[in-house]
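Engineer: What follows is the file target-v8.txt, containing compact mmCIF, C-alpha atoms and all ligand atoms:
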# COMPACT_ATOMS: atom_id res chain seq x y z
CA MET A 1 0.00 0.00 0.00
CA LEU A 2 1.31 3.43 -0.95
CA TYR A 3 0.23 6.17 1.45
CA ASP A 4 0.55 9.92 1.01
CA LEU A 5 -0.85 11.64 4.05
CA HIS A 6 -0.02 15.29 3.35
CA THR A 7 -1.04 17.05 0.12
CA HIS A 8 -2.50 20.39 -1.00
CA SER A 9 -4.98 21.42 -3.67
CA HIS A 10 -5.99 24.86 -4.93
CA CYS A 11 -8.46 25.05 -2.06
CA SER A 12 -5.42 26.35 -0.18
CA ASP A 13 -2.03 27.09 -1.75
CA GLY A 14 -1.72 24.11 -4.09
CA LEU A 15 -1.83 24.45 -7.86
CA LEU A 16 -4.15 21.57 -8.82
CA SER A 17 -7.85 21.16 -8.23
CA PRO A 18 -8.81 18.24 -5.96
CA THR A 19 -9.89 16.39 -9.12
CA GLU A 20 -6.51 16.92 -10.80
CA LEU A 21 -4.66 15.99 -7.62
CA VAL A 22 -6.57 12.72 -7.29
CA ALA A 23 -5.91 11.90 -10.96
CA LEU A 24 -2.19 12.51 -10.52
CA ALA A 25 -2.02 10.48 -7.31
CA GLN A 26 -3.88 7.58 -8.94
CA GLU A 27 -1.55 7.71 -11.93
CA ARG A 28 1.38 7.49 -9.52
CA GLY A 29 -0.05 4.44 -7.77
CA VAL A 30 -1.06 6.03 -4.47
CA HIS A 31 -3.61 3.90 -2.55
CA ALA A 32 -4.45 6.25 0.31
CA LEU A 33 -4.35 10.00 -0.16
CA ALA A 34 -4.93 12.54 2.58
CA LEU A 35 -5.94 15.95 1.27
CA THR A 36 -4.62 18.32 3.95
CA ASP A 37 -5.23 21.86 2.75
CA HIS A 38 -4.25 24.73 5.03
CA ASP A 39 -7.09 25.46 7.42
CA THR A 40 -9.84 24.24 5.14
CA LEU A 41 -11.77 21.05 4.41
CA ALA A 42 -13.25 22.51 1.23
CA GLY A 43 -11.68 20.06 -1.23
CA ILE A 44 -12.49 16.77 0.49
CA GLU A 45 -15.92 16.23 -0.99
CA GLU A 46 -14.71 16.78 -4.56
CA ALA A 47 -11.69 14.51 -4.00
CA ARG A 48 -13.95 11.75 -2.65
CA ALA A 49 -16.36 12.10 -5.56
CA VAL A 50 -13.68 11.52 -8.19
CA ALA A 51 -11.47 8.95 -6.41
CA GLN A 52 -11.55 5.57 -8.13
CA THR A 53 -8.47 3.52 -7.37
CA LEU A 54 -7.54 5.24 -4.14
CA THR A 55 -9.14 6.10 -0.83
CA ILE A 56 -9.35 9.69 0.36
CA ILE A 57 -8.45 10.30 3.99
CA SER A 58 -10.07 13.51 5.22
CA GLY A 59 -7.41 15.88 6.47
CA VAL A 60 -6.44 19.44 7.22
CA GLU A 61 -3.21 21.29 8.04
CA LEU A 62 -3.69 23.72 10.88
CA SER A 63 -1.50 26.71 11.59
CA ALA A 64 -0.64 27.07 15.25
CA GLN A 65 1.96 28.82 17.33
CA TRP A 66 4.44 27.56 19.84
CA GLN A 67 6.89 29.83 21.64
CA GLY A 68 6.54 32.51 18.99
CA ARG A 69 7.01 30.11 16.10
CA ASN A 70 4.57 29.12 13.40
CA ILE A 71 3.94 25.37 13.71
CA HIS A 72 1.84 23.14 11.45
CA ILE A 73 -0.35 20.37 12.75
CA VAL A 74 -1.99 17.95 10.36
CA GLY A 75 -5.30 16.36 11.33
CA LEU A 76 -5.99 12.99 9.71
CA ASP A 77 -9.18 10.96 9.45
CA VAL A 78 -11.18 13.88 10.87
CA ASP A 79 -14.95 14.08 10.92
CA VAL A 80 -15.56 16.78 8.29
CA GLN A 81 -18.98 17.58 9.74
CA CYS A 82 -17.68 18.27 13.26
CA PRO A 83 -19.18 21.69 14.22
CA SER A 84 -16.34 22.77 16.50
CA LEU A 85 -13.74 22.02 13.83
CA THR A 86 -15.64 23.76 11.05
CA GLU A 87 -16.20 26.78 13.29
CA ALA A 88 -12.49 26.87 14.18
CA LEU A 89 -11.57 26.72 10.49
CA ARG A 90 -13.92 29.61 9.78
CA ARG A 91 -12.03 31.69 12.35
CA GLN A 92 -8.67 30.63 10.90
CA SER A 93 -9.80 31.82 7.49
CA GLN A 94 -10.86 35.18 8.93
CA VAL A 95 -7.31 35.60 10.23
CA ARG A 96 -6.02 35.06 6.70
CA VAL A 97 -8.55 37.42 5.14
CA ALA A 98 -7.51 40.15 7.59
CA ARG A 99 -3.87 39.54 6.73
CA ALA A 100 -4.53 39.74 3.00
CA GLN A 101 -6.24 43.09 3.50
CA THR A 102 -3.38 44.47 5.58
CA LEU A 103 -0.84 43.19 3.09
CA ALA A 104 -2.68 44.85 0.19
CA GLN A 105 -2.78 48.16 2.09
CA ARG A 106 0.94 47.99 2.76
CA LEU A 107 1.71 47.16 -0.87
CA GLN A 108 -0.46 50.09 -1.98
CA LYS A 109 1.76 52.42 0.08
CA VAL A 110 4.84 51.29 -1.81
CA GLY A 111 3.15 51.68 -5.18
CA VAL A 112 1.69 48.22 -5.88
CA ASP A 113 -1.90 48.84 -7.01
CA LYS A 114 -4.95 46.61 -6.70
CA ALA A 115 -2.93 43.84 -5.10
CA LEU A 116 -5.86 42.18 -3.32
CA GLU A 117 -7.99 41.97 -6.47
CA GLY A 118 -4.92 40.83 -8.38
CA ALA A 119 -3.95 38.14 -5.89
CA ARG A 120 -7.55 36.85 -5.79
CA GLN A 121 -7.34 35.91 -9.47
CA TYR A 122 -4.78 33.27 -8.58
CA SER A 123 -6.60 31.85 -5.60
CA GLN A 124 -9.43 29.40 -6.14
CA GLY A 125 -10.71 29.21 -2.59
CA ASP A 126 -11.21 32.01 -0.10
CA ILE A 127 -7.61 31.80 1.07
CA VAL A 128 -5.41 34.49 -0.46
CA GLY A 129 -1.82 34.04 0.59
CA ARG A 130 1.59 35.44 -0.18
CA PRO A 131 2.19 33.09 -3.17
CA HIS A 132 -0.93 34.57 -4.82
CA PHE A 133 0.31 38.12 -4.22
CA ALA A 134 3.68 37.09 -5.62
CA ARG A 135 2.11 35.75 -8.81
CA TYR A 136 0.11 38.93 -9.28
CA MET A 137 3.22 41.06 -8.79
CA VAL A 138 5.08 39.06 -11.44
CA GLU A 139 2.19 39.19 -13.93
CA ALA A 140 1.66 42.90 -13.37
CA GLY A 141 5.36 43.58 -13.89
CA TYR A 142 6.28 44.83 -10.41
CA VAL A 143 8.96 42.14 -10.05
CA LYS A 144 10.68 39.79 -12.47
CA ASP A 145 9.86 36.55 -10.67
CA ILE A 146 8.35 34.99 -7.56
CA GLN A 147 11.70 34.96 -5.81
CA GLN A 148 12.11 38.68 -6.28
CA ALA A 149 8.60 39.31 -4.93
CA PHE A 150 9.59 37.51 -1.74
CA ASP A 151 13.07 39.07 -1.56
CA ARG A 152 11.73 42.61 -1.89
CA TYR A 153 8.25 42.58 -0.45
CA LEU A 154 6.89 39.36 0.98
CA GLY A 155 9.71 37.45 2.65
CA ALA A 156 10.91 37.43 6.26
CA GLY A 157 11.49 40.92 7.59
CA LYS A 158 9.85 42.63 4.57
CA ILE A 159 6.57 44.58 4.58
CA GLY A 160 4.58 41.49 3.66
CA ASP A 161 5.87 39.54 6.65
CA ILE A 162 2.81 40.06 8.82
CA LYS A 163 2.72 38.12 12.05
CA LEU A 164 -0.56 36.35 12.54
CA HIS A 165 -2.18 35.30 15.72
CA TRP A 166 -2.65 31.58 15.48
CA PRO A 167 -4.01 29.28 18.20
CA CYS A 168 -1.58 27.56 20.53
CA VAL A 169 -0.60 23.94 19.90
CA GLN A 170 -2.95 22.72 22.66
CA GLU A 171 -5.94 24.41 21.06
CA ALA A 172 -5.19 23.19 17.54
CA VAL A 173 -4.71 19.61 18.74
CA ALA A 174 -7.98 19.84 20.68
CA TRP A 175 -9.90 20.79 17.51
CA ILE A 176 -8.59 17.68 15.77
CA VAL A 177 -9.33 15.45 18.76
CA GLN A 178 -12.88 16.88 18.97
CA ALA A 179 -13.34 15.91 15.31
CA SER A 180 -12.16 12.41 16.30
CA GLY A 181 -9.08 12.77 14.14
CA ILE A 182 -5.40 12.02 14.65
CA ALA A 183 -3.14 15.01 15.28
CA VAL A 184 0.21 14.82 13.50
CA LEU A 185 3.07 17.26 14.06
CA ALA A 186 3.96 18.20 10.47
CA HIS A 187 7.51 18.38 9.04
CA PRO A 188 9.31 18.72 12.39
CA ASP A 189 12.57 19.56 10.64
CA LYS A 190 11.17 22.75 9.10
CA TYR A 191 11.08 24.77 12.33
CA ALA A 192 14.84 25.21 12.62
CA LEU A 193 14.84 24.08 16.24
CA THR A 194 17.73 22.65 18.21
CA ARG A 195 17.26 19.07 19.36
CA THR A 196 16.42 20.24 22.87
CA LYS A 197 13.76 22.66 21.64
CA LEU A 198 12.37 20.15 19.16
CA TYR A 199 11.95 17.61 21.95
CA ARG A 200 10.24 20.25 24.08
CA LEU A 201 7.83 20.99 21.22
CA ILE A 202 7.10 17.30 20.64
CA GLY A 203 6.62 16.80 24.38
CA ASP A 204 4.10 19.67 24.55
CA PHE A 205 2.37 18.33 21.44
CA ALA A 206 2.11 14.81 22.89
CA ASP A 207 0.87 16.16 26.25
CA ALA A 208 -1.86 18.04 24.36
CA GLY A 209 -3.11 14.80 22.80
CA GLY A 210 -1.00 14.73 19.65
CA LYS A 211 -0.63 11.18 18.39
CA ALA A 212 1.86 11.17 15.53
CA LEU A 213 4.99 12.73 14.12
CA GLU A 214 5.55 13.26 10.40
CA VAL A 215 8.70 11.16 10.28
CA VAL A 216 8.90 11.42 6.50
CA SER A 217 8.13 14.60 4.52
CA GLY A 218 8.90 14.20 0.84
CA GLN A 219 12.28 12.82 -0.13
CA GLN A 220 14.72 13.13 2.72
CA ASP A 221 18.07 11.72 3.74
CA LYS A 222 18.52 8.75 6.01
CA GLN A 223 20.07 10.80 8.79
CA LEU A 224 16.97 12.95 9.12
CA THR A 225 14.62 9.97 8.86
CA ASP A 226 16.52 8.21 11.65
CA LYS A 227 16.52 11.32 13.81
CA LEU A 228 12.75 11.75 13.49
CA MET A 229 12.10 8.03 13.94
CA ARG A 230 14.00 8.14 17.24
CA ALA A 231 12.02 11.20 18.30
CA ALA A 232 8.71 9.48 17.49
CA ASN A 233 9.70 6.35 19.36
CA HIS A 234 11.00 8.37 22.32
CA PHE A 235 7.55 9.91 22.80
CA SER A 236 5.65 6.74 21.76
CA LEU A 237 4.14 8.58 18.82
CA LEU A 238 2.93 7.02 15.60
CA ALA A 239 4.78 7.84 12.38
CA SER A 240 3.21 9.61 9.41
CA SER A 241 4.47 10.08 5.88
CA GLY A 242 3.46 12.65 3.28
CA SER A 243 4.82 14.40 0.24
CA ASP A 244 3.51 17.90 1.15
CA PHE A 245 2.71 18.15 -2.55
CA HIS A 246 1.75 21.63 -3.77
CA ALA A 247 2.57 21.74 -7.49
CA PRO A 248 3.83 19.34 -10.19
CA GLU A 249 6.95 21.51 -10.75
CA GLN A 250 8.21 20.32 -7.38
CA PHE A 251 9.13 16.92 -8.77
CA TRP A 252 10.75 15.90 -5.47
CA ARG A 253 7.38 16.27 -3.78
CA LEU A 254 5.12 14.42 -6.20
CA PRO A 255 2.28 12.45 -4.60
CA GLY A 256 3.54 9.17 -3.20
CA SER A 257 7.20 9.95 -3.93
CA GLN A 258 8.33 10.10 -0.30
CA THR A 259 11.16 8.16 1.24
CA PRO A 260 9.68 4.96 2.79
CA LEU A 261 8.90 4.93 6.51
CA PRO A 262 11.51 3.00 8.48
CA SER A 263 10.33 -0.40 9.69
CA ARG A 264 11.00 0.48 13.32
CA CYS A 265 8.12 2.98 13.31
CA LYS A 266 4.50 2.34 14.10
CA PRO A 267 2.61 3.75 11.09
CA VAL A 268 -0.15 6.25 11.78
CA TRP A 269 -2.66 4.44 9.57
CA GLU A 270 -2.89 1.70 12.20
CA ALA A 271 -4.91 4.21 14.21
CA PHE A 272 -7.41 5.09 11.48
CA LYS A 273 -11.06 4.44 12.23
CA PRO A 274 -12.39 0.97 11.35
CA ALA A 275 -14.60 2.44 8.62
CA THR A 276 -11.60 4.17 7.07
CA MET A 277 -9.57 0.96 7.22
CA ALA A 278 -12.42 -0.91 5.55
CA ALA A 279 -12.57 1.69 2.77
CA LEU A 280 -8.80 1.38 2.34
CA ASN A 281 -9.09 -2.34 1.81
CA THR A 282 -11.90 -2.00 -0.72
CA PRO A 283 -11.37 1.12 -2.82
CA ALA A 284 -14.29 1.95 -5.11
CA LEU A 285 -13.53 0.99 -8.69
MN MN B 301 1.50 25.32 1.79
MN MN B 302 3.27 22.95 6.44
MN MN B 303 1.65 21.30 3.86
Please re-express this file's structure in structure tokens.
Ligand code: MN
Ligand code: MN
Ligand code: MN
Structural biologist:
Amino acid sequence: MLYDLHTHSHCSDGLLSPTELVALAQERGVHALALTDHDTLAGIEEARAVAQTLTIISGVELSAQWQGRNIHIVGLDVDVQCPSLTEALRRQSQVRVARAQTLAQRLQKVGVDKALEGARQYSQGDIVGRPHFARYMVEAGYVKDIQQAFDRYLGAGKIGDIKLHWPCVQEAVAWIVQASGIAVLAHPDKYALTRTKLYRLIGDFADAGGKALEVVSGQQDKQLTDKLMRAANHFSLLASSGSDFHAPEQFWRLPGSQTPLPSRCKPVWEAFKPATMAALNTPAL
């Protein structure tokens, strides 16, 4: 069975529609695909409707904060109807809308016109993020490429680097638990933490009810895989694996292309609900 438990569609910052994502994942032989868009469940229904040779795991990637850092927590096998989760996601999206408005105002002051309207053209859902602003700025000729948009305007320390108030780790994990899902600490290596700090984060996450660590994110070297496997085992957490696919250009993050999970891990899918496991064993054809 080939699992990919972390992917994005254009319902957040991915390039493909849920339909296109499912088609690509099926073509690549993925059996279980979690759609985990940032702070939205909007694409799940479409993905489920078109899936033929694979099973869709309902998922979401929540933004949270921990000691001043932006942390991502993936929820897997969540109940998409759960009122407290859907209400929480509505509030998360308001945070992003407010940021987009502030960002557009700041860009206006430095001579970038109609940035919000422009960025919206590139966003399919209601989430307008910095990549959408970057694309608009390239198309409208303010910068030569996406990189320059980030270097001059949108990257760390620039005017577009607007700190958002996200929920704490405990709160984000609680939303997933309330939706009877499994909380996974996403890409632990991306937070640039020392080992001591990383273990503190994982400890806080596990204390809050977090159940799994994303031991594999895309294609990664053995050293990192071993390090994260040891961390998962140290805290008795399950191990997850996902490509974090956003766009086909990132060929090292294609659906199902991740480094295999080491055998000394306990895979997160062992904790999926019985109904999900049953669906996995009998995909609709
Ligand atoms: Mn993303
Ligand atoms: Mn992430
Ligand atoms: Mn992601």
Engineer: Work out how far apart CA of Ser240 in chain A and CA of Lys190 in chain A are and give it in Å to one decimal.
Structural biologist: 15.4 Å
Engineer: Just want the residues within 12 Å of ligand MN 301 (chain B), written as a PyMOL selection string, counting all atoms listed in the file.
Structural biologist: chain A and resi 6-15+35-40+60-63+72+74+127-132+186-187+243-247
Engineer: Pick out the closest residue to Gly242 in chain A from this set: A:Ser84, A:Thr102, A:Gln220, A:Lys266. Count all atoms listed in the file.
Structural biologist: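 Residue with the minimum atom-to-atom distance to Gly242 in chain A: A:Gln220.
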Engineer: With only C-alpha atoms as the basis for distance, which of A:Gln147, A:Thr55, A:Ser217, A:Gln178 is at the shortest distance from Pro260 in chain A?
Structural biologist: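 Checking each candidate against Pro260 in chain A, we get A:Ser217 as the closest.
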Engineer: So which one's closest to Ala32 in chain A, A:Tyr142, A:Thr276, A:Pro262, A:Gln94? Using all atoms listed in the file, please.
Structural biologist: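 Answer, going by the shortest atom-to-atom distance: A:Thr276.
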Engineer: Using only C-alpha atoms, find the one residue out of A:Met1, A:Ile44, A:Ala212, A:Val184 that sits nearest to His234 in chain A.
Structural biologist: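 Checking each of A:Met1, A:Ile44, A:Ala212, A:Val184 against His234 in chain A, counting only C-alpha atoms, the winner is A:Ala212.
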